[in-house]
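Colleague: Data: start.tsv, TSV, C-alpha atoms and all ligand atoms.
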chain	number	residue	atom	x	y	z
E	103	MET	CA	80.41	44.97	-58.72
E	104	THR	CA	80.37	42.50	-55.85
E	105	THR	CA	82.93	39.78	-56.42
E	106	SER	CA	82.25	36.13	-55.68
E	107	ARG	CA	84.75	36.40	-52.89
E	108	LYS	CA	82.97	39.30	-51.21
E	109	LEU	CA	79.64	37.54	-51.54
E	110	VAL	CA	80.98	34.40	-49.84
E	111	GLU	CA	82.66	36.41	-47.08
E	112	THR	CA	79.42	38.29	-46.38
E	113	SER	CA	77.39	35.08	-46.26
E	114	LEU	CA	79.90	33.41	-43.97
E	115	LYS	CA	79.55	36.36	-41.58
E	116	ARG	CA	75.79	35.69	-41.66
E	117	GLU	CA	75.01	39.08	-43.14
E	118	PRO	CA	72.30	39.30	-45.81
E	119	VAL	CA	73.35	39.00	-49.46
E	120	GLU	CA	71.58	39.95	-52.70
E	121	ARG	CA	72.39	36.53	-54.18
E	122	ILE	CA	73.07	33.22	-52.44
E	123	PRO	CA	76.66	32.15	-53.25
E	124	PHE	CA	77.68	28.80	-54.71
E	125	PHE	CA	80.05	26.93	-52.36
E	126	PRO	CA	80.35	23.52	-54.16
E	127	PRO	CA	82.12	22.55	-51.61
E	128	PHE	CA	84.23	19.86	-53.39
E	129	GLN	CA	84.55	20.34	-57.14
E	130	GLY	CA	88.21	19.34	-57.64
E	131	TYR	CA	88.02	15.70	-58.72
E	132	TRP	CA	84.78	16.28	-60.59
E	133	ALA	CA	86.36	19.01	-62.75
E	134	LEU	CA	89.39	16.80	-63.46
E	135	ARG	CA	87.14	13.97	-64.65
E	136	ASN	CA	85.20	16.44	-66.74
E	137	GLU	CA	88.41	17.32	-68.59
E	138	ASN	CA	89.53	13.65	-68.76
E	139	ILE	CA	92.51	14.18	-66.49
E	140	THR	CA	93.26	11.09	-64.45
E	141	THR	CA	94.22	11.34	-60.81
E	142	ILE	CA	97.85	10.40	-61.47
E	143	ASP	CA	98.09	12.85	-64.39
E	144	SER	CA	96.74	15.59	-62.17
E	145	ILE	CA	99.60	14.94	-59.75
E	146	ASN	CA	102.21	14.74	-62.49
E	147	HIS	CA	100.94	17.88	-64.24
E	148	PRO	CA	99.86	20.55	-61.76
E	149	ASP	CA	99.40	23.03	-64.61
E	150	LEU	CA	96.88	20.79	-66.44
E	151	SER	CA	95.18	20.18	-63.15
E	152	ALA	CA	94.73	23.91	-62.56
E	153	GLN	CA	93.55	24.49	-66.15
E	154	ALA	CA	90.86	21.85	-65.67
E	155	GLN	CA	89.48	23.75	-62.70
E	156	LEU	CA	89.67	27.11	-64.48
E	157	LYS	CA	87.65	25.74	-67.41
E	158	ASN	CA	84.76	24.91	-65.09
E	159	VAL	CA	84.78	27.78	-62.57
E	160	GLY	CA	83.35	30.42	-64.93
E	161	PRO	CA	80.62	28.42	-66.69
E	162	CYS	CA	79.43	26.83	-63.42
E	163	CYS	CA	79.53	30.17	-61.53
E	164	PHE	CA	81.43	28.69	-58.59
E	165	ASP	CA	81.93	31.47	-56.05
E	166	THR	CA	84.16	29.27	-53.91
E	167	VAL	CA	86.85	27.11	-55.47
E	168	GLU	CA	88.48	24.10	-53.85
E	169	VAL	CA	92.20	24.47	-54.68
E	170	LEU	CA	93.37	21.41	-52.70
E	171	TRP	CA	91.24	18.30	-53.28
E	172	ASP	CA	93.89	15.62	-52.65
E	173	TRP	CA	92.80	15.88	-49.03
E	174	LEU	CA	94.30	12.53	-47.90
E	175	PHE	CA	97.87	13.16	-49.10
E	176	LEU	CA	98.93	13.09	-45.47
E	177	VAL	CA	98.03	9.40	-45.17
E	178	GLU	CA	100.65	8.37	-47.74
E	179	ALA	CA	103.14	10.94	-46.42
E	180	LEU	CA	102.92	9.19	-43.04
E	181	GLY	CA	103.70	5.81	-44.57
E	182	CYS	CA	100.48	4.07	-45.63
E	183	GLN	CA	100.29	2.41	-49.01
E	184	VAL	CA	97.63	3.79	-51.28
E	185	LYS	CA	95.60	2.83	-54.30
E	186	ILE	CA	95.39	5.50	-56.96
E	187	PRO	CA	92.16	5.07	-58.94
E	188	GLU	CA	91.86	6.25	-62.52
E	189	TYR	CA	89.66	9.13	-61.36
E	190	GLY	CA	88.72	10.47	-57.94
E	191	THR	CA	90.02	10.30	-54.38
E	192	ILE	CA	93.10	8.23	-53.58
E	193	ALA	CA	92.25	5.36	-51.24
E	194	THR	CA	94.27	4.03	-48.32
E	195	ALA	CA	95.45	0.47	-49.01
E	196	ASN	CA	96.87	-0.59	-45.65
E	197	ASN	CA	96.85	0.55	-42.05
E	198	ILE	CA	100.06	1.32	-40.22
E	199	VAL	CA	98.83	1.57	-36.65
E	200	ASN	CA	98.30	-2.01	-35.52
E	201	GLU	CA	99.17	-1.68	-31.85
E	202	PRO	CA	99.66	1.17	-29.36
E	203	SER	CA	103.46	1.17	-29.81
E	204	ASP	CA	103.01	2.09	-33.50
E	205	ILE	CA	101.69	5.51	-32.51
E	206	ASP	CA	105.10	6.81	-31.45
E	207	LYS	CA	106.59	5.81	-34.79
E	208	LEU	CA	104.35	8.24	-36.67
E	209	GLU	CA	106.24	11.26	-37.87
E	210	LEU	CA	105.50	13.95	-40.44
E	211	PRO	CA	108.17	14.05	-43.14
E	212	ASN	CA	109.24	17.25	-44.87
E	213	LEU	CA	106.12	17.77	-46.98
E	214	ASP	CA	107.87	20.08	-49.44
E	215	ILE	CA	109.61	17.07	-50.94
E	216	PHE	CA	106.58	14.78	-50.87
E	217	TYR	CA	105.22	14.42	-54.43
E	218	ARG	CA	101.51	14.80	-53.74
E	219	TYR	CA	101.96	17.82	-51.48
E	220	SER	CA	104.37	19.66	-53.76
E	221	SER	CA	102.14	19.04	-56.78
E	222	ALA	CA	99.03	20.22	-54.93
E	223	LYS	CA	100.89	23.33	-53.81
E	224	LYS	CA	101.84	24.19	-57.40
E	225	THR	CA	98.26	23.70	-58.59
E	226	ALA	CA	96.91	25.85	-55.78
E	227	HIS	CA	99.47	28.53	-56.57
E	228	ILE	CA	98.32	28.76	-60.21
E	229	LEU	CA	94.70	28.91	-59.10
E	230	SER	CA	95.29	31.58	-56.50
E	231	GLU	CA	97.16	33.73	-59.02
E	232	LYS	CA	94.19	33.52	-61.40
E	233	LEU	CA	91.30	33.55	-58.94
E	234	GLY	CA	92.60	34.86	-55.64
E	235	LYS	CA	91.25	38.38	-56.04
E	236	THR	CA	87.80	37.38	-57.26
E	237	HIS	CA	87.02	34.01	-55.69
E	238	TYR	CA	87.01	32.47	-52.24
E	239	LEU	CA	89.61	29.70	-52.16
E	240	VAL	CA	89.54	26.67	-49.89
E	241	ALA	CA	91.85	23.74	-49.19
E	242	SER	CA	90.33	20.43	-48.09
E	243	MET	CA	92.05	18.54	-45.27
E	244	PRO	CA	90.98	15.60	-43.07
E	245	GLY	CA	89.78	15.99	-39.50
E	246	PRO	CA	91.87	14.29	-36.78
E	247	PHE	CA	89.34	11.50	-36.27
E	248	THR	CA	89.16	10.71	-39.98
E	249	LEU	CA	92.95	10.80	-40.25
E	250	ALA	CA	93.27	8.41	-37.30
E	251	GLY	CA	90.74	6.09	-38.96
E	252	GLU	CA	92.86	5.94	-42.12
E	253	LEU	CA	95.98	5.07	-40.12
E	254	ARG	CA	94.32	2.47	-37.89
E	255	GLY	CA	91.42	1.29	-40.08
E	256	VAL	CA	87.96	2.68	-39.42
E	257	GLU	CA	86.38	-0.56	-38.23
E	258	SER	CA	89.26	-1.38	-35.88
E	259	MET	CA	89.17	2.12	-34.45
E	260	LEU	CA	85.43	2.03	-33.83
E	261	LEU	CA	85.92	-1.32	-32.09
E	262	ASP	CA	88.83	0.11	-30.06
E	263	SER	CA	86.59	2.93	-28.93
E	264	LEU	CA	84.56	0.27	-27.06
E	265	MET	CA	87.33	-2.16	-26.05
E	266	ASP	CA	90.34	0.07	-25.50
E	267	PRO	CA	89.34	3.75	-25.44
E	268	SER	CA	92.74	4.90	-24.14
E	269	PHE	CA	94.40	3.49	-27.29
E	270	VAL	CA	92.00	5.63	-29.34
E	271	ASP	CA	92.71	8.66	-27.17
E	272	ASP	CA	96.47	8.29	-27.69
E	273	LEU	CA	96.04	7.80	-31.43
E	274	LEU	CA	93.76	10.84	-31.67
E	275	LYS	CA	96.20	12.99	-29.72
E	276	LYS	CA	98.92	12.04	-32.18
E	277	SER	CA	96.76	12.41	-35.29
E	278	THR	CA	95.69	15.86	-34.10
E	279	GLU	CA	99.33	16.93	-33.78
E	280	LEU	CA	100.17	15.58	-37.24
E	281	ASP	CA	97.08	17.18	-38.73
E	282	GLN	CA	98.00	20.52	-37.15
E	283	GLU	CA	101.54	20.32	-38.54
E	284	ALA	CA	100.20	19.65	-42.04
E	285	ILE	CA	97.60	22.39	-41.65
E	286	GLU	CA	100.40	24.83	-40.87
E	287	TYR	CA	102.01	23.96	-44.21
E	288	VAL	CA	98.78	24.43	-46.16
E	289	CYS	CA	97.90	27.67	-44.37
E	290	GLU	CA	101.01	29.26	-45.85
E	291	TRP	CA	99.30	29.07	-49.24
E	292	ASP	CA	97.29	31.96	-50.60
E	293	ILE	CA	93.89	30.57	-49.56
E	294	ASP	CA	90.95	31.90	-47.55
E	295	ALA	CA	89.88	28.84	-45.61
E	296	VAL	CA	90.65	25.25	-44.74
E	297	LEU	CA	87.70	22.92	-45.14
E	298	ILE	CA	88.06	20.11	-42.64
E	299	CYS	CA	86.38	16.97	-43.95
E	300	ASP	CA	85.41	14.47	-41.32
E	301	PRO	CA	83.45	11.68	-43.05
E	302	THR	CA	84.39	9.13	-40.39
E	303	THR	CA	82.53	11.16	-37.76
E	304	SER	CA	79.45	10.88	-39.99
E	305	GLY	CA	76.14	11.22	-38.23
E	306	ASP	CA	75.36	7.76	-39.59
E	307	LEU	CA	78.48	6.12	-38.12
E	308	MET	CA	78.79	7.78	-34.74
E	309	SER	CA	76.37	8.74	-31.96
E	310	PRO	CA	76.33	12.36	-30.72
E	311	GLU	CA	77.76	11.11	-27.39
E	312	ASP	CA	80.71	9.45	-29.14
E	313	PHE	CA	81.24	12.53	-31.26
E	314	ILE	CA	81.61	14.57	-28.06
E	315	ARG	CA	83.72	11.88	-26.38
E	316	PHE	CA	86.16	11.19	-29.21
E	317	SER	CA	86.10	13.85	-31.86
E	318	LYS	CA	84.88	17.28	-30.85
E	319	ALA	CA	87.89	18.52	-28.84
E	320	HIS	CA	90.35	17.36	-31.50
E	321	LEU	CA	88.36	18.96	-34.26
E	322	LYS	CA	88.43	22.19	-32.29
E	323	GLU	CA	92.21	21.94	-31.90
E	324	ALA	CA	92.62	21.51	-35.65
E	325	GLY	CA	90.35	24.52	-36.14
E	326	ASP	CA	92.26	26.59	-33.60
E	327	MET	CA	95.43	26.00	-35.63
E	328	ILE	CA	93.69	27.14	-38.83
E	329	ARG	CA	92.37	30.28	-37.15
E	330	LYS	CA	95.73	31.02	-35.56
E	331	THR	CA	97.20	31.36	-39.05
E	332	GLY	CA	94.49	33.88	-39.98
E	333	LYS	CA	92.51	31.53	-42.25
E	334	GLU	CA	88.88	30.60	-41.80
E	335	PHE	CA	87.75	27.23	-40.53
E	336	VAL	CA	84.94	25.35	-42.27
E	337	ILE	CA	83.77	21.80	-41.51
E	338	HIS	CA	82.12	19.14	-43.66
E	339	MET	CA	80.57	15.99	-42.21
E	340	CYS	CA	78.56	13.36	-44.01
E	341	GLY	CA	75.31	11.79	-42.86
E	342	ASP	CA	72.61	13.12	-40.56
E	343	THR	CA	74.22	15.61	-38.19
E	344	SER	CA	71.00	17.41	-37.18
E	345	ASP	CA	71.42	16.24	-33.58
E	346	ARG	CA	74.89	17.80	-33.08
E	347	LEU	CA	74.89	21.16	-34.81
E	348	ASN	CA	75.56	23.00	-31.55
E	349	ASP	CA	78.53	20.75	-30.82
E	350	ILE	CA	79.89	21.42	-34.30
E	351	ALA	CA	79.48	25.17	-33.77
E	352	ASP	CA	81.34	24.83	-30.42
E	353	THR	CA	84.50	24.03	-32.40
E	354	GLY	CA	84.58	27.63	-33.60
E	355	CYS	CA	84.01	26.96	-37.30
E	356	ILE	CA	82.61	29.81	-39.37
E	357	ALA	CA	80.45	27.47	-41.45
E	358	PHE	CA	79.28	23.89	-41.64
E	359	SER	CA	78.74	21.98	-44.88
E	360	CYS	CA	76.01	19.42	-44.21
E	361	ASP	CA	74.88	16.34	-46.05
E	362	LYS	CA	71.49	15.87	-47.74
E	363	GLN	CA	69.78	14.42	-44.61
E	364	VAL	CA	69.90	17.75	-42.74
E	365	ASP	CA	66.91	20.11	-42.93
E	366	VAL	CA	68.61	23.27	-44.17
E	367	GLY	CA	65.80	25.63	-43.13
E	368	LYS	CA	65.91	24.39	-39.54
E	369	ALA	CA	69.74	24.34	-39.49
E	370	VAL	CA	70.05	27.94	-40.73
E	371	GLU	CA	67.42	29.12	-38.25
E	372	SER	CA	68.86	27.31	-35.23
E	373	MET	CA	72.46	28.29	-36.06
E	374	LYS	CA	71.76	31.89	-37.08
E	375	ASN	CA	73.81	33.25	-34.17
E	376	ARG	CA	76.54	30.65	-34.42
E	377	MET	CA	77.69	29.58	-37.90
E	378	ALA	CA	76.70	29.65	-41.56
E	379	ILE	CA	75.25	26.56	-43.25
E	380	ILE	CA	76.41	25.19	-46.60
E	381	GLY	CA	74.28	22.63	-48.36
E	382	ASN	CA	72.89	20.31	-49.40
E	383	ILE	CA	71.71	19.11	-52.79
E	384	ASP	CA	71.62	15.30	-52.88
E	385	PRO	CA	74.88	14.54	-54.72
E	386	ALA	CA	74.11	11.03	-55.97
E	387	GLY	CA	70.36	11.17	-56.40
E	388	ILE	CA	69.96	14.66	-57.87
E	389	ILE	CA	73.31	15.88	-59.22
E	390	PHE	CA	74.73	12.58	-60.52
E	391	ALA	CA	71.62	10.62	-61.46
E	392	GLY	CA	69.26	13.53	-62.09
E	393	THR	CA	68.56	16.01	-64.86
E	394	PRO	CA	69.37	19.74	-65.13
E	395	ASP	CA	65.67	20.46	-64.58
E	396	GLY	CA	65.62	18.38	-61.42
E	397	VAL	CA	68.72	20.20	-60.17
E	398	ARG	CA	67.10	23.57	-60.88
E	399	GLN	CA	64.00	22.57	-58.97
E	400	GLU	CA	65.99	21.44	-55.94
E	401	THR	CA	68.22	24.53	-56.06
E	402	ARG	CA	65.13	26.76	-56.05
E	403	ARG	CA	63.62	24.84	-53.15
E	404	LEU	CA	66.81	25.22	-51.12
E	405	MET	CA	67.10	28.92	-51.99
E	406	LYS	CA	63.67	29.39	-50.46
E	407	THR	CA	64.36	27.30	-47.33
E	408	GLY	CA	67.94	28.47	-46.77
E	409	GLY	CA	67.29	32.16	-47.37
E	410	THR	CA	69.75	34.95	-48.03
E	411	THR	CA	71.35	35.20	-44.59
E	412	GLY	CA	73.90	32.69	-43.36
E	413	PHE	CA	73.26	30.16	-46.11
E	414	LEU	CA	75.46	29.09	-49.03
E	415	MET	CA	74.39	26.68	-51.77
E	416	GLY	CA	76.35	23.49	-52.32
E	417	ALA	CA	76.15	19.77	-52.80
E	418	GLY	CA	75.59	17.64	-49.67
E	419	CYS	CA	79.03	16.04	-50.19
E	420	ASP	CA	81.51	15.64	-53.09
E	421	ILE	CA	80.11	16.50	-56.47
E	422	PRO	CA	80.27	12.90	-57.73
E	423	VAL	CA	82.95	12.25	-60.34
E	424	GLY	CA	81.15	11.72	-63.64
E	425	SER	CA	78.20	14.03	-62.84
E	426	LYS	CA	77.03	15.80	-66.00
E	427	PHE	CA	78.44	19.27	-66.56
E	428	GLU	CA	74.91	20.56	-67.30
E	429	CYS	CA	73.66	19.37	-63.92
E	430	VAL	CA	76.39	21.22	-62.02
E	431	LYS	CA	76.02	24.31	-64.21
E	432	ALA	CA	72.28	24.29	-63.47
E	433	ILE	CA	73.01	25.11	-59.81
E	434	GLY	CA	75.04	28.23	-60.69
E	435	ASP	CA	72.56	29.28	-63.37
E	436	THR	CA	69.63	29.03	-60.97
E	437	LEU	CA	71.40	31.03	-58.29
E	438	ASN	CA	72.18	33.70	-60.88
E	439	GLY	CA	68.64	33.77	-62.25
E	440	VAL	CA	69.65	32.36	-65.64
E	501	ZN	ZN	80.41	14.07	-47.14
Translate this file's structure into structure tokens.
Ligand SMILES: [Zn+2]

Modeller:
Amino acid sequence: MTTSRKLVETSLKREPVERIPFFPPFQGYWALRNENITTIDSINHPDLSAQAQLKNVGPCCFDTVEVLWDWLFLVEALGCQVKIPEYGTIATANNIVNEPSDIDKLELPNLDIFYRYSSAKKTAHILSEKLGKTHYLVASMPGPFTLAGELRGVESMLLDSLMDPSFVDDLLKKSTELDQEAIEYVCEWDIDAVLICDPTTSGDLMSPEDFIRFSKAHLKEAGDMIRKTGKEFVIHMCGDTSDRLNDIADTGCIAFSCDKQVDVGKAVESMKNRMAIIGNIDPAGIIFAGTPDGVRQETRRLMKTGGTTGFLMGAGCDIPVGSKFECVKAIGDTLNGV
């Protein structure tokens, strides 16, 4: 029998599959909330955190499993203060790059003794022992531009890009190095791919010209590091990225997870010789606020448009924390003809 893992690998290579795989792409925080495990408890109890994922993987028919979802751990490791919400992603509370001279002060500590990293590593280890042979495992990490935005503040950095572009260039050079160092740590885990999330380069925040000017080369460098370790490189960006798919493919990623605004049929067709497409059920409108029937309908529509070659089914962004279990399960059921 074809395993989930094999199915995902075949799709990522853009070879035809008998069933479109389910690549969520971000189920971690959603599954924790589903099992009533708060963000801080998930860090304090890596075993509970892994159990919460395992409870949802089978029933939802996830073929890919996100084993690292605390994707911004690096921000606190580098010295920012953070705000840990009851559920969901940990937010940055202050920025530590306020002037160009702050860049040189940035230094990656030994991550093995940093609480969020060591907890995430334990969780991922439990998950890879249970699922590594059958499922395709991914770790989410920030892209260099997004990381720089957390350190500097997104608004300040976007303003700098107009007023003082060399400041941004220096910061990006440094954030790329730090990102690469952290990626090296994570690539030692038993995972298949690193999923680089770059929400700050969203198609809604940044023009294609600025993406090429400020982000593309750094994203490629992060990807080169991932590929050098033998892992696969996948990218997620929010917003409408239809106008820069070729630039994204130039980074060497094997697949791109796109947001709901992208026309999946057109993306799969235009990228058929370049990269696979993962997407893109509207997370808020259909998965969170919708009904299982609505999810089924949208999943069927995307199955038809995306097709069975070079396309993997997923949400357009995070599966929103608090989305009904039945709505997420409806995606897997529909893909499996249930
Ligand atoms: Zn997104």

Colleague: Could you tell me which of E:Leu134, E:Met339, E:Ala226, E:Ala250 comes closest to Ser425 of chain E if we count all atoms listed in the file?

Modeller: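 Going through E:Leu134, E:Met339, E:Ala226, E:Ala250 one by one, the smallest distance to Ser425 of chain E is for E:Leu134.
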
Colleague: Which one of E:Gly332, E:Pro161, E:Pro310, E:Gly418 sits closest to ligand ZN 501 (chain E) if you count only C-alpha atoms and all ligand atoms?

Modeller: E:Gly418

Colleague: Quick one: residues within 9 Å of segment 316-329 of chain E, only C-alpha atoms, excluding same-chain residues fewer than 4 positions away - as a ChimeraX atom specification?

Modeller: /E:245-247,263,267,270-271,274-275,277-279,281-283,285-286,289,295-296,298,300,303,311-312,333-337,349-350,352-355

Colleague: Restricted to C-alpha atoms, what would the selected residues look like written as a PDB file, in the coordinates of the input?

Modeller:
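Final file, out.pdb:
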ATOM      1  CA  GLY E 245      89.780  15.990 -39.500  1.00  0.00           C
ATOM      2  CA  PRO E 246      91.870  14.290 -36.780  1.00  0.00           C
ATOM      3  CA  PHE E 247      89.340  11.500 -36.270  1.00  0.00           C
ATOM      4  CA  SER E 263      86.590   2.930 -28.930  1.00  0.00           C
ATOM      5  CA  PRO E 267      89.340   3.750 -25.440  1.00  0.00           C
ATOM      6  CA  VAL E 270      92.000   5.630 -29.340  1.00  0.00           C
ATOM      7  CA  ASP E 271      92.710   8.660 -27.170  1.00  0.00           C
ATOM      8  CA  LEU E 274      93.760  10.840 -31.670  1.00  0.00           C
ATOM      9  CA  LYS E 275      96.200  12.990 -29.720  1.00  0.00           C
ATOM     10  CA  SER E 277      96.760  12.410 -35.290  1.00  0.00           C
ATOM     11  CA  THR E 278      95.690  15.860 -34.100  1.00  0.00           C
ATOM     12  CA  GLU E 279      99.330  16.930 -33.780  1.00  0.00           C
ATOM     13  CA  ASP E 281      97.080  17.180 -38.730  1.00  0.00           C
ATOM     14  CA  GLN E 282      98.000  20.520 -37.150  1.00  0.00           C
ATOM     15  CA  GLU E 283     101.540  20.320 -38.540  1.00  0.00           C
ATOM     16  CA  ILE E 285      97.600  22.390 -41.650  1.00  0.00           C
ATOM     17  CA  GLU E 286     100.400  24.830 -40.870  1.00  0.00           C
ATOM     18  CA  CYS E 289      97.900  27.670 -44.370  1.00  0.00           C
ATOM     19  CA  ALA E 295      89.880  28.840 -45.610  1.00  0.00           C
ATOM     20  CA  VAL E 296      90.650  25.250 -44.740  1.00  0.00           C
ATOM     21  CA  ILE E 298      88.060  20.110 -42.640  1.00  0.00           C
ATOM     22  CA  ASP E 300      85.410  14.470 -41.320  1.00  0.00           C
ATOM     23  CA  THR E 303      82.530  11.160 -37.760  1.00  0.00           C
ATOM     24  CA  GLU E 311      77.760  11.110 -27.390  1.00  0.00           C
ATOM     25  CA  ASP E 312      80.710   9.450 -29.140  1.00  0.00           C
ATOM     26  CA  LYS E 333      92.510  31.530 -42.250  1.00  0.00           C
ATOM     27  CA  GLU E 334      88.880  30.600 -41.800  1.00  0.00           C
ATOM     28  CA  PHE E 335      87.750  27.230 -40.530  1.00  0.00           C
ATOM     29  CA  VAL E 336      84.940  25.350 -42.270  1.00  0.00           C
ATOM     30  CA  ILE E 337      83.770  21.800 -41.510  1.00  0.00           C
ATOM     31  CA  ASP E 349      78.530  20.750 -30.820  1.00  0.00           C
ATOM     32  CA  ILE E 350      79.890  21.420 -34.300  1.00  0.00           C
ATOM     33  CA  ASP E 352      81.340  24.830 -30.420  1.00  0.00           C
ATOM     34  CA  THR E 353      84.500  24.030 -32.400  1.00  0.00           C
ATOM     35  CA  GLY E 354      84.580  27.630 -33.600  1.00  0.00           C
ATOM     36  CA  CYS E 355      84.010  26.960 -37.300  1.00  0.00           C
TER      37      CYS E 355
END

Colleague: Name the residues, by chain letter and number, that sit within 7 Å of ligand ZN 501 (chain E) using only C-alpha atoms and all ligand atoms, and give them as number ranges by chain.

Modeller: E: 301, 338-340, 361, 418-420

Colleague: Can you write just those residues out, C-alpha atoms, as a compact mmCIF listing (two decimals), keeping the file's coordinate frame?

Modeller:
# COMPACT_ATOMS: atom_id res chain seq x y z
CA PRO E 301 83.45 11.68 -43.05
CA HIS E 338 82.12 19.14 -43.66
CA MET E 339 80.57 15.99 -42.21
CA CYS E 340 78.56 13.36 -44.01
CA ASP E 361 74.88 16.34 -46.05
CA GLY E 418 75.59 17.64 -49.67
CA CYS E 419 79.03 16.04 -50.19
CA ASP E 420 81.51 15.64 -53.09

Colleague: I'd like the interatomic distance between atom CA of Leu404 of chain E and atom CA of Gly439 of chain E, to a tenth of an Å.

Modeller: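 If I compute the distance from atom CA of Leu404 of chain E to atom CA of Gly439 of chain E, I get 14.2 Å.
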
Colleague: Can you list, as a compact mmCIF listing (two decimals) with C-alpha atoms, in the coordinates of the input, every protein, DNA or RNA residue that comes within 9 Å of Asn138 of chain E when you count all atoms listed in the file, leaving out same-chain residues fewer than 3 positions away?

Modeller:
# COMPACT_ATOMS: atom_id res chain seq x y z
CA ALA E 133 86.36 19.01 -62.75
CA LEU E 134 89.39 16.80 -63.46
CA ARG E 135 87.14 13.97 -64.65
CA ALA E 154 90.86 21.85 -65.67
CA TYR E 189 89.66 9.13 -61.36

Colleague: Which residues are close to Val159 of chain E, i.e. within 10 Å by only C-alpha atoms, leaving aside same-chain residues fewer than 6 positions away? Reply as JSON, numbers by chain.

Modeller: {"E": [129, 133, 165, 166, 167, 233, 237, 431, 434]}

Colleague: Using all atoms listed in the file, find the one residue out of E:Asn348, E:Thr141, E:Thr393, E:Thr411 that sits nearest to Arg218 of chain E.

Modeller: E:Thr141

Colleague: Hey, what's within 9 Å of segment 192-199 of chain E if we count only C-alpha atoms and toss same-chain stuff fewer than 5 positions away? As a PDB file with C-alpha atoms, in the coordinates of the input, please?

Modeller:
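Output contents, as saved in around-v4.pdb:
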ATOM      1  CA  THR E 141      94.220  11.340 -60.810  1.00  0.00           C
ATOM      2  CA  ASP E 172      93.890  15.620 -52.650  1.00  0.00           C
ATOM      3  CA  TRP E 173      92.800  15.880 -49.030  1.00  0.00           C
ATOM      4  CA  LEU E 174      94.300  12.530 -47.900  1.00  0.00           C
ATOM      5  CA  PHE E 175      97.870  13.160 -49.100  1.00  0.00           C
ATOM      6  CA  VAL E 177      98.030   9.400 -45.170  1.00  0.00           C
ATOM      7  CA  GLU E 178     100.650   8.370 -47.740  1.00  0.00           C
ATOM      8  CA  LEU E 180     102.920   9.190 -43.040  1.00  0.00           C
ATOM      9  CA  GLY E 181     103.700   5.810 -44.570  1.00  0.00           C
ATOM     10  CA  CYS E 182     100.480   4.070 -45.630  1.00  0.00           C
ATOM     11  CA  GLN E 183     100.290   2.410 -49.010  1.00  0.00           C
ATOM     12  CA  VAL E 184      97.630   3.790 -51.280  1.00  0.00           C
ATOM     13  CA  LYS E 185      95.600   2.830 -54.300  1.00  0.00           C
ATOM     14  CA  ILE E 186      95.390   5.500 -56.960  1.00  0.00           C
ATOM     15  CA  PRO E 187      92.160   5.070 -58.940  1.00  0.00           C
ATOM     16  CA  ASP E 204     103.010   2.090 -33.500  1.00  0.00           C
ATOM     17  CA  ILE E 205     101.690   5.510 -32.510  1.00  0.00           C
ATOM     18  CA  LEU E 208     104.350   8.240 -36.670  1.00  0.00           C
ATOM     19  CA  ALA E 250      93.270   8.410 -37.300  1.00  0.00           C
ATOM     20  CA  GLY E 251      90.740   6.090 -38.960  1.00  0.00           C
ATOM     21  CA  GLU E 252      92.860   5.940 -42.120  1.00  0.00           C
ATOM     22  CA  LEU E 253      95.980   5.070 -40.120  1.00  0.00           C
ATOM     23  CA  ARG E 254      94.320   2.470 -37.890  1.00  0.00           C
ATOM     24  CA  GLY E 255      91.420   1.290 -40.080  1.00  0.00           C
ATOM     25  CA  LEU E 273      96.040   7.800 -31.430  1.00  0.00           C
TER      26      LEU E 273
END
